[in-house]
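**Q** model15.txt is the file, holding compact mmCIF, C-alpha atoms:
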```txt
# COMPACT_ATOMS: atom_id res chain seq x y z
CA MET A 382 13.79 -73.61 136.20
CA ASN A 383 13.81 -77.36 136.22
CA PRO A 384 12.13 -79.31 133.39
CA GLN A 385 9.40 -80.71 135.64
CA THR A 386 8.30 -77.23 136.83
CA LEU A 387 8.38 -75.96 133.24
CA PHE A 388 6.17 -78.85 132.14
CA VAL A 389 3.62 -78.23 134.93
CA ARG A 390 3.44 -74.51 134.11
CA SER A 391 3.06 -75.24 130.38
CA VAL A 392 0.19 -77.64 131.05
CA ALA A 393 -1.47 -75.10 133.36
CA VAL A 394 -1.20 -72.32 130.73
CA LEU A 395 -2.54 -74.65 128.04
CA CYS A 396 -5.50 -75.71 130.23
CA ALA A 397 -6.31 -72.08 131.05
CA ALA A 398 -6.22 -71.15 127.36
CA MET A 399 -8.49 -74.05 126.40
CA THR A 400 -10.95 -73.19 129.17
CA ALA A 401 -11.07 -69.54 128.10
CA ALA A 402 -11.57 -70.51 124.46
CA GLY A 403 -14.40 -72.86 125.42
CA CYS A 404 -16.15 -70.16 127.43
CA SER A 405 -15.87 -67.53 124.74
CA SER A 406 -17.36 -69.56 121.92
CA ASN A 407 -21.14 -69.29 121.94
CA PRO A 408 -23.18 -71.63 119.79
CA PRO A 409 -24.77 -69.87 116.81
CA LYS A 410 -28.39 -68.85 117.26
CA GLN A 411 -31.23 -67.52 115.18
CA GLU A 412 -31.74 -63.98 116.40
CA PHE A 413 -34.28 -63.28 113.66
CA THR A 414 -38.01 -63.72 113.85
CA ILE A 415 -39.24 -66.59 111.70
CA PRO A 416 -41.68 -65.14 109.14
CA LYS A 417 -45.25 -66.40 109.20
CA ALA A 418 -45.56 -65.80 105.44
CA LEU A 419 -43.31 -65.76 102.42
CA CYS A 420 -44.28 -63.07 99.91
CA GLY A 421 -47.93 -63.10 100.94
CA VAL A 422 -48.43 -66.85 101.40
CA PRO A 423 -48.67 -68.15 104.99
CA VAL A 424 -46.12 -70.84 105.86
CA PRO A 425 -45.56 -73.17 108.82
CA THR A 426 -42.83 -71.54 110.93
CA GLY A 427 -41.40 -74.75 112.43
CA PRO A 428 -40.23 -76.29 109.15
CA LEU A 429 -39.07 -72.92 107.83
CA SER A 430 -36.98 -72.40 110.98
CA ARG A 431 -35.23 -75.75 110.42
CA LEU A 432 -34.32 -74.76 106.83
CA LEU A 433 -33.03 -71.26 107.49
CA PRO A 434 -29.43 -70.80 108.69
CA ALA A 435 -28.64 -71.70 112.29
CA SER A 436 -27.62 -68.12 112.98
CA GLY A 437 -28.47 -64.67 111.74
CA GLN A 438 -30.17 -61.45 112.70
CA LYS A 439 -32.67 -60.50 110.00
CA VAL A 440 -34.87 -62.33 107.50
CA SER A 441 -36.26 -60.46 104.52
CA ASP A 442 -38.16 -61.44 101.42
CA ASN A 443 -38.48 -59.78 98.07
CA GLN A 444 -41.19 -60.66 95.58
CA VAL A 445 -40.82 -60.22 91.84
CA ASP A 446 -44.13 -60.69 90.02
CA GLY A 447 -44.12 -62.75 86.83
CA ALA A 448 -45.69 -61.87 83.51
CA ALA A 449 -48.81 -63.99 84.15
CA GLU A 450 -51.27 -63.46 87.01
CA GLY A 451 -50.28 -65.45 90.09
CA THR A 452 -46.71 -66.14 88.96
CA GLY A 453 -43.42 -64.87 90.25
CA LEU A 454 -40.35 -65.32 92.36
CA CYS A 455 -39.84 -64.79 96.06
CA HIS A 456 -36.26 -64.37 97.25
CA VAL A 457 -35.70 -64.99 100.98
CA SER A 458 -32.50 -63.67 102.55
CA VAL A 459 -30.91 -63.87 105.97
CA ASP A 460 -28.55 -60.98 106.72
CA SER A 461 -28.57 -60.04 103.00
CA THR A 462 -27.55 -63.54 101.86
CA GLU A 463 -30.14 -65.28 99.69
CA VAL A 464 -30.99 -68.66 101.21
CA LEU A 465 -34.38 -69.66 99.81
CA VAL A 466 -36.15 -69.13 96.50
CA VAL A 467 -39.84 -69.77 95.91
CA SER A 468 -41.15 -69.64 92.36
CA THR A 469 -44.71 -70.05 91.20
CA GLU A 470 -45.69 -70.50 87.58
CA ARG A 471 -48.60 -71.61 85.45
CA ILE A 472 -47.75 -74.64 83.35
CA THR A 473 -49.52 -76.77 80.77
CA ILE A 474 -51.27 -79.88 81.99
CA GLY A 475 -49.30 -83.10 81.99
CA SER A 476 -46.09 -82.74 83.94
CA SER A 477 -45.50 -84.32 87.33
CA ALA A 478 -44.03 -82.85 90.49
CA GLN A 479 -41.26 -85.48 90.41
CA ARG A 480 -40.31 -84.70 86.81
CA ILE A 481 -40.18 -80.96 87.52
CA LEU A 482 -38.05 -81.47 90.64
CA LEU A 483 -35.63 -83.76 88.81
CA HIS A 484 -35.26 -81.18 86.04
CA ARG A 485 -35.05 -78.02 88.17
CA ALA A 486 -33.03 -79.18 91.18
CA ARG A 487 -31.19 -82.07 89.55
CA THR A 488 -31.71 -84.07 92.69
CA GLY A 489 -31.54 -87.82 92.69
CA ASP A 490 -34.44 -89.97 93.80
CA PRO A 491 -36.92 -87.42 95.19
CA LYS A 492 -39.71 -88.61 97.46
CA SER A 493 -43.42 -87.99 96.88
CA ALA A 494 -46.27 -86.89 99.12
CA GLU A 495 -49.95 -86.06 98.90
CA GLY A 496 -50.74 -88.44 96.07
CA GLY A 497 -47.78 -87.34 93.97
CA SER A 498 -48.74 -83.66 93.92
CA ILE A 499 -45.60 -82.90 95.97
CA ALA A 500 -42.05 -84.09 95.31
CA TYR A 501 -39.24 -83.22 97.70
CA SER A 502 -35.64 -83.78 98.71
CA ASP A 503 -33.52 -82.35 101.51
CA HIS A 504 -32.97 -79.03 99.68
CA ALA A 505 -35.81 -78.60 97.18
CA ALA A 506 -39.50 -79.33 96.64
CA VAL A 507 -42.17 -78.96 93.96
CA SER A 508 -45.94 -78.97 94.25
CA LEU A 509 -48.63 -79.01 91.59
CA ILE A 510 -52.10 -77.56 91.97
CA GLN A 511 -54.42 -78.78 89.23
CA CYS A 512 -56.74 -76.14 87.83
CA ARG A 513 -59.80 -77.74 86.22
CA GLY A 514 -63.46 -76.87 85.86
CA THR A 515 -65.73 -73.87 85.50
CA ASP A 516 -64.25 -70.41 85.97
CA VAL A 517 -60.65 -71.67 86.01
CA GLU A 518 -57.88 -71.85 83.50
CA GLU A 519 -57.18 -75.45 82.51
CA GLU A 520 -53.58 -75.64 83.60
CA ASP A 521 -51.47 -76.49 86.60
CA ILE A 522 -49.77 -74.18 89.04
CA SER A 523 -46.28 -75.31 89.92
CA THR A 524 -44.48 -74.07 93.02
CA PHE A 525 -40.76 -74.71 93.38
CA ILE A 526 -38.82 -74.10 96.60
CA GLU A 527 -35.05 -74.40 96.72
CA ASN A 528 -32.83 -73.93 99.75
CA TRP A 529 -29.28 -72.60 99.24
CA LYS A 530 -26.35 -72.49 101.61
CA PRO A 531 -26.02 -71.26 104.29
CA GLY A 532 -29.56 -72.62 104.66
CA ARG A 533 -29.80 -76.05 106.20
CA ARG A 534 -30.86 -79.25 104.47
CA ASP A 535 -33.72 -81.17 106.05
CA GLU A 536 -35.90 -83.51 104.03
CA THR A 537 -38.79 -83.61 106.53
CA ALA A 538 -38.79 -79.83 106.97
CA MET A 539 -38.82 -79.32 103.18
CA LYS A 540 -41.82 -81.63 102.82
CA GLU A 541 -43.68 -79.90 105.68
CA LEU A 542 -42.87 -76.41 104.34
CA MET A 543 -44.11 -77.28 100.85
CA SER A 544 -47.26 -78.97 102.18
CA GLY A 545 -48.14 -75.93 104.30
CA TYR A 546 -47.27 -73.44 101.56
CA THR A 547 -49.36 -75.33 98.99
CA ALA A 548 -52.38 -75.60 101.32
CA ALA A 549 -52.23 -71.84 101.98
CA LEU A 550 -51.82 -71.06 98.28
CA LYS A 551 -54.87 -73.19 97.44
CA LYS A 552 -56.94 -71.10 99.88
CA GLN A 553 -56.00 -68.02 97.84
CA GLN A 554 -57.72 -69.70 94.85
CA PRO A 555 -54.90 -69.22 92.34
CA CYS A 556 -56.80 -71.11 89.62
CA LEU A 557 -59.69 -68.66 89.30
CA LYS A 558 -59.75 -66.45 86.23
CA LYS A 559 -59.09 -62.88 87.16
CA ASP A 560 -61.25 -60.15 85.67
CA ASP A 561 -59.19 -57.51 83.91
```
If you took the structure in this file and wrote it as structure tokens, what would it be?

**A**
Amino acid sequence: MNPQTLFVRSVAVLCAAMTAAGCSSNPPKQEFTIPKALCGVPVPTGPLSRLLPASGQKVSDNQVDGAAEGTGLCHVSVDSTEVLVVSTERITIGSSAQRILLHRARTGDPKSAEGGSIAYSDHAAVSLIQCRGTDVEEEDISTFIENWKPGRRDETAMKELMSGYTAALKKQQPCLKKDD
């Protein structure tokens, strides 16, 4: 076989292999249903979808109640890999959402929203609900959300998720004293 024929055949085989490889690789896709709530608190599905992994088949959450009423952890997994953690705790008055986020997520230069009651970055956010007045404990309720790999980082989605989560949590009146 002459060198020119060999070259043409080699190029043809290479092109066929590249075409086949291109056809067989499908872009990843989210096969799971985006939850409308995380451990009992309604959330906006759009921002949550942008934070969860780009592909996967099943989302699950597992709630672990804390020692105090209204506190706890919520672990969110995709295909048995933990990708999102939501923690809620009662804290003494005086801390700020930015200070908590800097301490917990060790993120540089977080942004603020909603008058400083929310601080966020591309992979974590904190909100504070102030509990003051009659029939409430005088404290704050802090919610912390952190996104882990293979979850995706998205600053706008994190802000929107925390805003929606906090609004829904407020409707559940977490500040009210519970009768034993």

**Q** I need the residue nearest Cys455 (chain A) from this list: A:Thr547, A:Thr524, A:Ser498, A:Thr537. Use all atoms listed in the file for the distance.

**A**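 Smallest separation from Cys455 (chain A) among the options: A:Thr524.
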
**Q** Let me make sure I understand: among A:Ala549, A:Ile522, A:Leu542, A:Leu509, which one has the smallest atom-to-atom distance to Glu450 (chain A) if we use only C-alpha atoms?

**A**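 Between A:Ala549, A:Ile522, A:Leu542, A:Leu509, the residue approaching Glu450 (chain A) most closely is A:Ile522.
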
**Q** Name the residues in contact with region 476-482 of chain A at a cut-off of 8 Å, using all atoms listed in the file, excluding same-chain residues fewer than 2 positions from it; report them as a list of chain:residue names.

**A**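 Here the qualifying residues turn out to be A:Thr473, A:Ile474, A:His484, A:Arg485, A:Ala486, A:Arg487, A:Thr488, A:Pro491, A:Lys492, A:Ser493, A:Gly497, A:Ser498, A:Ile499, A:Ala500, A:Tyr501, A:Ala505, A:Ala506, A:Val507, A:Ser508, A:Leu509, A:Ser523, A:Phe525.
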
**Q** Grab the CA of Pro555 (chain A) to CA of Ile526 (chain A) distance for me, in Å with one decimal place.

**A**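 Separation of CA of Pro555 (chain A) and CA of Ile526 (chain A): 17.3 Å.
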
**Q** To one decimal place, how far is CA of Thr469 (chain A) from CA of Gly447 (chain A) in Å?

**A**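 Between CA of Thr469 (chain A) and CA of Gly447 (chain A) the gap is 8.5 Å.
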
**Q** Give the answer as one residue: which of A:Ser502, A:Asn443, A:Gln553, A:Asn528 has the shortest atom-to-atom distance to Val464 (chain A), using only C-alpha atoms?

**A**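 Of A:Ser502, A:Asn443, A:Gln553, A:Asn528, the one nearest Val464 (chain A), counting only C-alpha atoms, is A:Asn528.
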
**Q** Around the point (-51.2, -71.0, 100.8) (coordinates from the file), which residues reach within 10 Å if we count all atoms listed in the file? Answer as an MDAnalysis selection string.

**A** chainID A and resid 418:419 421:424 543:555

**Q** How many Å lie between CA of Ala494 (chain A) and CA of Arg431 (chain A), rounded to one decimal?

**A**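 A separation of 19.3 Å between them.
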
**Q** Which is closer to Asp503 (chain A) than all the others in A:Glu519, A:Glu527, A:Asp490, A:Asp535, using all atoms listed in the file?

**A**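 Ranking A:Glu519, A:Glu527, A:Asp490, A:Asp535 by distance to Asp503 (chain A), first place goes to A:Asp535.
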
**Q** Find the spatial neighbours of Val459 (chain A), counting all atoms listed in the file, within a cut-off of 7 Å - ignore same-chain residues fewer than 4 positions away - and output them as a VMD selection string.

**A** chain A and resid 437 439 to 441 463 to 464

**Q** Could you give me, as a list in words, the residues within 7 Å of Leu454 (chain A), counting all atoms listed in the file and dropping anything in the same chain fewer than 2 positions from it?

**A**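 After dropping sequence-adjacent residues, the list is Gln444, Val445, Asp446, His456, Val467, Ser468 and Thr469 of chain A.
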
**Q** Mind writing the picked residues with C-alpha atoms as a JSON list (two decimals), keeping the file's coordinate frame?

**A**
```json
[["chain", "number", "residue", "atom", "x", "y", "z"],
["A", 444, "GLN", "CA", -41.19, -60.66, 95.58],
["A", 445, "VAL", "CA", -40.82, -60.22, 91.84],
["A", 446, "ASP", "CA", -44.13, -60.69, 90.02],
["A", 456, "HIS", "CA", -36.26, -64.37, 97.25],
["A", 467, "VAL", "CA", -39.84, -69.77, 95.91],
["A", 468, "SER", "CA", -41.15, -69.64, 92.36],
["A", 469, "THR", "CA", -44.71, -70.05, 91.20]]
```
